[in-house]
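Notes to accompany the following structure.
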Amino acid sequence: MRYDLDDLRLFLHIVAEGSITAGARRMHLSLPSASARVRSLEHHAGVALLIRGRRGVRPTPAGTALARHARDVLAQTARLESAVASYARPPATPLTLLSGGSAMHHLVPRALVSFLRAHPDVDVTASESRTPRTVRLLADGEADLGVVLDTEARDCGLTMEPLCDDSLVVIGQSGGILAGRTAVAYREVAEHPLVGLDAGSSLRRSIEKHLGPHAPAVRYRTTVAHLPTLVSLAAAGVGLAVVPRRAIAPGRPLDVCELQDPWSRRTHLLAWGEKARAASTATAALAEHLRQAAVSEPDGGTGVPAM
């Protein structure tokens with residue numbers, strides 16, 4: 001037995017109002033038309049659905065059951081239409097977020113999780129990119145937001161704000177050669193076997209850029225693609241590693257030393273490019289989620305390295 005959805009809506013309005021006239025008004029129908037629809041419902045059901053009286057109408061037991069199931073049917077229909085309509089809408093252009101490997105470790109994933117949950121209709125393309133390239137793409141209007149390093153983005157003409165500390169430290173096995181030390185120069189670190197990121201990684205290239213042509217020779221026992229793997233290798237005593245402090249999980253059994261080299265002190269900046277002049281609500285929201293993710297990071301996003 002099939003029921004017309006509009007007839008079900010009309011019946012629910014009549015039951016809610018206690019009047020065929022009022023129900024017809026809510027459906028923008030004439031009284032004769034509404035009455036005819038109710039008679040058609042009762043004909044299909046094979047039973048009376050309304051008790052008619054001088055003061056209005058009320059549902060019969062069969063009418064009460066019909067009203068209950070009608071609500072479920074209409075609710076399910078609304079959910080179905082909404083699900084299908086989401087595919088019919090023209091897809092919005094994804095936001096483009098660029099950042100270096102350090103921010104991709106914790107900061108960007110935290111922000112994406114909260115943002116994408118809060119904005120199910122907005123997609124984000126997040127890519128790892130070194131600061132010079134990120135600056136160029138932002139300036140050309142080819143990206144919406146970027147997380148860049150202050151040491152490489154000075155005087156670039158972009159709109160920027162401090163986001164969080166990204167200073168580098170040296171780590172090694174707990175109780176190993178760094179035990180009892182609080183600070184060490186990179187030249188001394190380079191005298192020991194190291195583990196590092198792949199040569200093409202943004203962090204590795206940034207370090208080598210600041211060391212310059214007279215950098216000390218380094219023996220890498222191995223290089224890997226991801227920071228968590230690098231931290232695990234250092235913790236296991238395979239070699240020392242230079243990593244962002246924020247890459248170290250709180251409570252991890254490691255010896256951690258400050259680097260005495262000035263280039264090791266870095267700050268992440270949140271940067272907008274040409275698109276920022278007409279920034280969408282979604283872009284502003286993603287920026288706010290990045291700020292909140294920075295605050296929730298281990299050092300609280302204060303820009304002051306944890307000691």
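Chain identifiers are assigned as A, B, and so on, following the order in which chains appear in the structure tokens; residues are numbered from 1 within each chain, and ligands are numbered from 1 in order of appearance.
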At a cut-off of 10 Å, using only C-alpha atoms, what residues contact A:Asp6? Leave out same-chain residues fewer than 3 positions from it and give the result as a PyMOL selection string. chain A and resi 3+9-12+27+37+74
Selection to disk with C-alpha atoms, as a CSV table (one decimal), in the first residue's frame:
chain,number,residue,atom,x,y,z
A,3,TYR,CA,0.8,6.7,0.6
A,9,ARG,CA,2.1,15.7,5.8
A,10,LEU,CA,-1.5,16.9,5.6
A,11,PHE,CA,-2.7,14.2,8.0
A,12,LEU,CA,0.0,15.1,10.5
A,27,MET,CA,-0.7,23.0,3.5
A,37,ARG,CA,-7.3,13.7,0.5
A,74,LEU,CA,8.9,11.8,6.5
For A:Ser114: contacts at 10 Å, only C-alpha atoms, fewer than 5 positions along chain excluded, given as a PDB file with all heavy atoms, in the first residue's frame:
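Once everything was written out, this is result-v9.pdb:
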ATOM      1  N   PRO A 109      47.820  18.011  11.399  1.00  0.00           N
ATOM      2  CA  PRO A 109      46.809  16.967  11.616  1.00  0.00           C
ATOM      3  C   PRO A 109      45.787  17.328  12.690  1.00  0.00           C
ATOM      4  O   PRO A 109      44.596  17.050  12.525  1.00  0.00           O
ATOM      5  CB  PRO A 109      47.651  15.747  12.033  1.00  0.00           C
ATOM      6  CG  PRO A 109      48.968  15.972  11.379  1.00  0.00           C
ATOM      7  CD  PRO A 109      49.195  17.455  11.449  1.00  0.00           C
ATOM      8  N   HIS A 119      33.317  21.289   9.683  1.00  0.00           N
ATOM      9  CA  HIS A 119      32.903  21.826   8.379  1.00  0.00           C
ATOM     10  C   HIS A 119      32.827  20.693   7.361  1.00  0.00           C
ATOM     11  O   HIS A 119      33.698  20.561   6.485  1.00  0.00           O
ATOM     12  CB  HIS A 119      33.893  22.902   7.920  1.00  0.00           C
ATOM     13  CG  HIS A 119      34.004  24.059   8.850  1.00  0.00           C
ATOM     14  ND1 HIS A 119      33.188  25.167   8.772  1.00  0.00           N
ATOM     15  CD2 HIS A 119      34.821  24.266   9.914  1.00  0.00           C
ATOM     16  CE1 HIS A 119      33.502  26.015   9.733  1.00  0.00           C
ATOM     17  NE2 HIS A 119      34.482  25.491  10.439  1.00  0.00           N
ATOM     18  N   LEU A 286      39.559  27.854   9.139  1.00  0.00           N
ATOM     19  CA  LEU A 286      40.726  26.973   9.150  1.00  0.00           C
ATOM     20  C   LEU A 286      41.886  27.635   9.888  1.00  0.00           C
ATOM     21  O   LEU A 286      42.612  26.980  10.650  1.00  0.00           O
ATOM     22  CB  LEU A 286      41.131  26.623   7.718  1.00  0.00           C
ATOM     23  CG  LEU A 286      42.371  25.729   7.567  1.00  0.00           C
ATOM     24  CD1 LEU A 286      42.203  24.420   8.335  1.00  0.00           C
ATOM     25  CD2 LEU A 286      42.647  25.437   6.089  1.00  0.00           C
ATOM     26  N   HIS A 289      41.333  27.189  13.538  1.00  0.00           N
ATOM     27  CA  HIS A 289      41.620  25.826  13.985  1.00  0.00           C
ATOM     28  C   HIS A 289      43.128  25.585  14.075  1.00  0.00           C
ATOM     29  O   HIS A 289      43.583  24.832  14.954  1.00  0.00           O
ATOM     30  CB  HIS A 289      40.969  24.812  13.040  1.00  0.00           C
ATOM     31  CG  HIS A 289      39.503  24.620  13.308  1.00  0.00           C
ATOM     32  ND1 HIS A 289      39.004  23.587  14.074  1.00  0.00           N
ATOM     33  CD2 HIS A 289      38.423  25.348  12.934  1.00  0.00           C
ATOM     34  CE1 HIS A 289      37.686  23.674  14.144  1.00  0.00           C
ATOM     35  NE2 HIS A 289      37.302  24.734  13.455  1.00  0.00           N
ATOM     36  N   LEU A 290      43.903  26.211  13.204  1.00  0.00           N
ATOM     37  CA  LEU A 290      45.362  26.114  13.318  1.00  0.00           C
ATOM     38  C   LEU A 290      45.845  26.790  14.598  1.00  0.00           C
ATOM     39  O   LEU A 290      46.735  26.276  15.291  1.00  0.00           O
ATOM     40  CB  LEU A 290      46.023  26.742  12.090  1.00  0.00           C
ATOM     41  CG  LEU A 290      45.952  25.914  10.809  1.00  0.00           C
ATOM     42  CD1 LEU A 290      46.251  26.774   9.582  1.00  0.00           C
ATOM     43  CD2 LEU A 290      46.940  24.743  10.872  1.00  0.00           C
ATOM     44  N   GLN A 292      44.127  27.143  17.368  1.00  0.00           N
ATOM     45  CA  GLN A 292      43.730  26.302  18.495  1.00  0.00           C
ATOM     46  C   GLN A 292      44.605  25.056  18.586  1.00  0.00           C
ATOM     47  O   GLN A 292      44.942  24.598  19.686  1.00  0.00           O
ATOM     48  CB  GLN A 292      42.250  25.905  18.356  1.00  0.00           C
ATOM     49  CG  GLN A 292      41.287  27.068  18.508  1.00  0.00           C
ATOM     50  CD  GLN A 292      41.428  27.749  19.856  1.00  0.00           C
ATOM     51  OE1 GLN A 292      41.576  27.106  20.899  1.00  0.00           O
ATOM     52  NE2 GLN A 292      41.391  29.079  19.841  1.00  0.00           N
ATOM     53  N   ALA A 293      44.992  24.491  17.449  1.00  0.00           N
ATOM     54  CA  ALA A 293      45.873  23.330  17.457  1.00  0.00           C
ATOM     55  C   ALA A 293      47.232  23.691  18.032  1.00  0.00           C
ATOM     56  O   ALA A 293      47.848  22.907  18.758  1.00  0.00           O
ATOM     57  CB  ALA A 293      46.026  22.773  16.042  1.00  0.00           C
TER      58      ALA A 293
END
Excluding same-chain residues fewer than 5 positions from A:Ala199, what lies within 12 Å of it counting only C-alpha atoms, as a PyMOL selection string? chain A and resi 204-209+220+222-226
Neighbours of A:Asp255 within 10 Å (only C-alpha atoms; same-chain residues fewer than 5 positions away dropped), as a PyMOL selection string? chain A and resi 170-182+234-235+240
Which polymer residues have any atom within 12 Å of an atom of A:Ala215, counting only C-alpha atoms, with same-chain residues fewer than 5 positions away left out, as a VMD selection string? chain A and resid 186 to 191 207 to 210
At a cut-off of 12 Å, using only C-alpha atoms, what residues contact A:Gly53? Leave out same-chain residues fewer than 3 positions from it and give the result as a compact mmCIF listing (two decimals) with all heavy atoms, in the first residue's frame.
# COMPACT_ATOMS: atom_id res chain seq x y z
N GLY A 18 -5.89 19.49 15.23
CA GLY A 18 -7.22 19.05 15.66
C GLY A 18 -8.32 19.57 14.77
O GLY A 18 -9.49 19.67 15.19
N SER A 19 -7.97 19.89 13.53
CA SER A 19 -8.94 20.49 12.62
C SER A 19 -8.51 20.27 11.19
O SER A 19 -7.34 20.51 10.84
CB SER A 19 -9.06 22.00 12.90
OG SER A 19 -9.73 22.66 11.84
N ILE A 20 -9.46 19.80 10.33
CA ILE A 20 -9.14 19.65 8.91
C ILE A 20 -8.93 21.02 8.29
O ILE A 20 -8.04 21.20 7.45
CB ILE A 20 -10.27 18.88 8.19
CG1 ILE A 20 -10.38 17.46 8.75
CG2 ILE A 20 -10.01 18.84 6.69
CD1 ILE A 20 -11.50 16.64 8.14
N LEU A 50 -9.98 9.30 11.38
CA LEU A 50 -10.33 10.46 12.19
C LEU A 50 -11.74 10.30 12.75
O LEU A 50 -12.63 9.76 12.10
CB LEU A 50 -10.27 11.75 11.36
CG LEU A 50 -8.90 12.19 10.83
CD1 LEU A 50 -9.08 13.38 9.90
CD2 LEU A 50 -7.95 12.52 11.97
N GLY A 56 -14.02 19.73 16.15
CA GLY A 56 -12.82 19.37 15.39
C GLY A 56 -12.72 17.88 15.19
O GLY A 56 -13.73 17.16 15.20
N VAL A 57 -11.51 17.42 15.03
CA VAL A 57 -11.27 15.99 14.78
C VAL A 57 -10.18 15.49 15.72
O VAL A 57 -9.35 16.25 16.22
CB VAL A 57 -10.85 15.75 13.31
CG1 VAL A 57 -11.95 16.13 12.35
CG2 VAL A 57 -9.55 16.49 12.98
N ARG A 58 -10.21 14.18 15.94
CA ARG A 58 -9.12 13.53 16.68
C ARG A 58 -8.88 12.18 16.03
O ARG A 58 -9.79 11.60 15.42
CB ARG A 58 -9.45 13.38 18.16
CG ARG A 58 -10.56 12.41 18.49
CD ARG A 58 -10.79 12.36 19.99
NE ARG A 58 -11.70 11.28 20.36
CZ ARG A 58 -13.01 11.37 20.39
NH1 ARG A 58 -13.59 12.52 20.03
NH2 ARG A 58 -13.75 10.33 20.74
N PRO A 59 -7.64 11.65 16.13
CA PRO A 59 -7.34 10.40 15.43
C PRO A 59 -7.96 9.19 16.11
O PRO A 59 -8.07 9.14 17.34
CB PRO A 59 -5.81 10.34 15.47
CG PRO A 59 -5.44 11.10 16.69
CD PRO A 59 -6.45 12.21 16.80
Which residues in stretch 23-249 of chain A does DSSP call strand (DSSP E or B)? List them as a ChimeraX atom specification. /A:50-53,56-59,95-99,124-128,145-149,159-165,168-173,183-184,194-197,220-224,240-244
Now that the selection is made, can you save its residues with N, CA and C atoms as a compact mmCIF listing (two decimals), in the first residue's frame?
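Output file again_23.txt follows:
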# COMPACT_ATOMS: atom_id res chain seq x y z
N LEU A 50 -9.98 9.30 11.38
CA LEU A 50 -10.33 10.46 12.19
C LEU A 50 -11.74 10.30 12.75
N ILE A 51 -11.90 10.78 13.98
CA ILE A 51 -13.22 10.90 14.58
C ILE A 51 -13.62 12.36 14.46
N ARG A 52 -14.69 12.61 13.72
CA ARG A 52 -15.11 13.97 13.44
C ARG A 52 -16.16 14.41 14.47
N GLY A 53 -16.00 15.60 15.01
CA GLY A 53 -16.94 16.15 15.98
C GLY A 53 -17.20 17.61 15.72
N GLY A 56 -14.02 19.73 16.15
CA GLY A 56 -12.82 19.37 15.39
C GLY A 56 -12.72 17.88 15.19
N VAL A 57 -11.51 17.42 15.03
CA VAL A 57 -11.27 15.99 14.78
C VAL A 57 -10.18 15.49 15.72
N ARG A 58 -10.21 14.18 15.94
CA ARG A 58 -9.12 13.53 16.68
C ARG A 58 -8.88 12.18 16.03
N PRO A 59 -7.64 11.65 16.13
CA PRO A 59 -7.34 10.40 15.43
C PRO A 59 -7.96 9.19 16.11
N LEU A 95 40.16 24.16 -0.01
CA LEU A 95 41.15 25.07 0.52
C LEU A 95 42.52 24.42 0.37
N THR A 96 43.54 25.24 0.16
CA THR A 96 44.91 24.73 0.02
C THR A 96 45.73 25.21 1.21
N LEU A 97 46.27 24.26 1.95
CA LEU A 97 47.10 24.54 3.12
C LEU A 97 48.48 23.94 2.89
N LEU A 98 49.51 24.76 3.03
CA LEU A 98 50.89 24.32 2.84
C LEU A 98 51.65 24.47 4.16
N SER A 99 52.55 23.53 4.42
CA SER A 99 53.39 23.66 5.62
C SER A 99 54.61 22.77 5.48
N VAL A 124 39.88 20.15 2.16
CA VAL A 124 41.18 20.80 2.32
C VAL A 124 42.25 19.95 1.64
N THR A 125 43.07 20.58 0.82
CA THR A 125 44.25 19.94 0.26
C THR A 125 45.46 20.41 1.08
N ALA A 126 46.04 19.52 1.86
CA ALA A 126 47.18 19.86 2.70
C ALA A 126 48.43 19.20 2.14
N SER A 127 49.48 19.99 1.91
CA SER A 127 50.70 19.47 1.30
C SER A 127 51.92 19.97 2.04
N GLU A 128 52.94 19.11 2.08
CA GLU A 128 54.21 19.53 2.67
C GLU A 128 54.95 20.40 1.65
N LEU A 145 46.39 29.24 2.80
CA LEU A 145 47.11 29.45 4.05
C LEU A 145 48.41 28.67 4.03
N GLY A 146 49.37 29.13 4.81
CA GLY A 146 50.63 28.42 4.93
C GLY A 146 51.18 28.54 6.34
N VAL A 147 51.85 27.49 6.78
CA VAL A 147 52.60 27.54 8.04
C VAL A 147 54.07 27.61 7.64
N VAL A 148 54.71 28.74 7.94
CA VAL A 148 56.07 29.00 7.46
C VAL A 148 56.98 29.30 8.65
N LEU A 149 58.28 29.26 8.39
CA LEU A 149 59.28 29.56 9.42
C LEU A 149 59.67 31.02 9.38
N THR A 159 50.82 38.66 4.73
CA THR A 159 50.20 38.88 6.03
C THR A 159 50.49 37.67 6.89
N MET A 160 51.14 37.89 8.05
CA MET A 160 51.56 36.77 8.90
C MET A 160 51.31 37.09 10.36
N GLU A 161 51.26 36.04 11.16
CA GLU A 161 51.14 36.19 12.61
C GLU A 161 51.89 35.04 13.27
N PRO A 162 52.47 35.26 14.46
CA PRO A 162 53.14 34.16 15.18
C PRO A 162 52.14 33.07 15.53
N LEU A 163 52.57 31.83 15.37
CA LEU A 163 51.69 30.70 15.64
C LEU A 163 52.18 29.89 16.84
N CYS A 164 53.43 29.44 16.78
CA CYS A 164 53.98 28.65 17.90
C CYS A 164 55.48 28.47 17.71
N ASP A 165 56.12 28.03 18.77
CA ASP A 165 57.56 27.78 18.73
C ASP A 165 57.85 26.51 17.92
N LEU A 168 64.62 23.82 17.40
CA LEU A 168 65.23 22.51 17.24
C LEU A 168 66.06 22.15 18.47
N VAL A 169 66.07 20.85 18.77
CA VAL A 169 66.89 20.32 19.86
C VAL A 169 67.59 19.08 19.36
N VAL A 170 68.55 18.61 20.13
CA VAL A 170 69.21 17.34 19.80
C VAL A 170 68.75 16.32 20.83
N ILE A 171 68.45 15.12 20.36
CA ILE A 171 67.95 14.07 21.25
C ILE A 171 68.80 12.82 21.11
N GLY A 172 68.83 12.04 22.17
CA GLY A 172 69.56 10.78 22.16
C GLY A 172 68.99 9.83 23.20
N GLN A 173 69.52 8.62 23.22
CA GLN A 173 69.06 7.60 24.15
C GLN A 173 69.20 8.08 25.59
N ALA A 183 72.82 21.82 27.07
CA ALA A 183 72.97 22.51 25.79
C ALA A 183 74.24 22.03 25.11
N VAL A 184 74.21 22.05 23.79
CA VAL A 184 75.35 21.58 23.02
C VAL A 184 75.33 22.27 21.66
N LEU A 194 74.79 10.12 13.57
CA LEU A 194 73.46 10.71 13.60
C LEU A 194 72.46 9.82 12.86
N VAL A 195 71.22 10.06 13.14
CA VAL A 195 70.12 9.58 12.29
C VAL A 195 69.37 10.84 11.86
N GLY A 196 68.90 10.83 10.62
CA GLY A 196 68.28 12.06 10.12
C GLY A 196 67.13 11.77 9.17
N LEU A 197 66.49 12.84 8.74
CA LEU A 197 65.43 12.73 7.74
C LEU A 197 66.05 12.65 6.34
N TYR A 220 75.60 9.87 8.76
CA TYR A 220 74.23 9.44 9.03
C TYR A 220 74.19 7.91 8.99
N ARG A 221 73.83 7.31 10.10
CA ARG A 221 73.71 5.85 10.12
C ARG A 221 72.53 5.40 9.27
N THR A 222 71.51 6.23 9.22
CA THR A 222 70.37 5.97 8.35
C THR A 222 69.56 7.25 8.22
N THR A 223 68.81 7.35 7.16
CA THR A 223 67.86 8.46 7.01
C THR A 223 66.48 7.87 6.77
N VAL A 224 65.47 8.57 7.27
CA VAL A 224 64.09 8.07 7.20
C VAL A 224 63.17 9.19 6.73
N LEU A 240 72.33 10.14 17.43
CA LEU A 240 71.68 11.38 17.85
C LEU A 240 70.82 11.91 16.70
N ALA A 241 69.88 12.76 17.02
CA ALA A 241 69.01 13.34 15.99
C ALA A 241 68.68 14.78 16.36
N VAL A 242 68.58 15.63 15.33
CA VAL A 242 68.14 17.01 15.51
C VAL A 242 66.69 17.08 15.04
N VAL A 243 65.80 17.45 15.95
CA VAL A 243 64.38 17.45 15.66
C VAL A 243 63.72 18.68 16.30
N PRO A 244 62.54 19.07 15.83
CA PRO A 244 61.77 20.10 16.54
C PRO A 244 61.38 19.57 17.92
From a DSSP pass on the backbone, collect the residues of stretch 20-112 of chain A flagged as alpha helix (DSSP H) and hand them back as number ranges by chain. A: 20-26, 31-45, 61-88, 101-105, 107-112
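If you measure from each of A:His13, A:Arg245, A:Arg117, A:His44 to A:Leu29 using only C-alpha atoms, the closest one turns out to be A:His13.
The gap separating atom CA of A:Ala45 from atom CA of A:Thr21 is 21.7 Å, in Å to one decimal.
Among the candidates A:Leu211, A:Ala139, A:Leu203, A:Leu107, the residue lying nearest to A:Ala287 is A:Leu107 (atoms considered: only C-alpha atoms).
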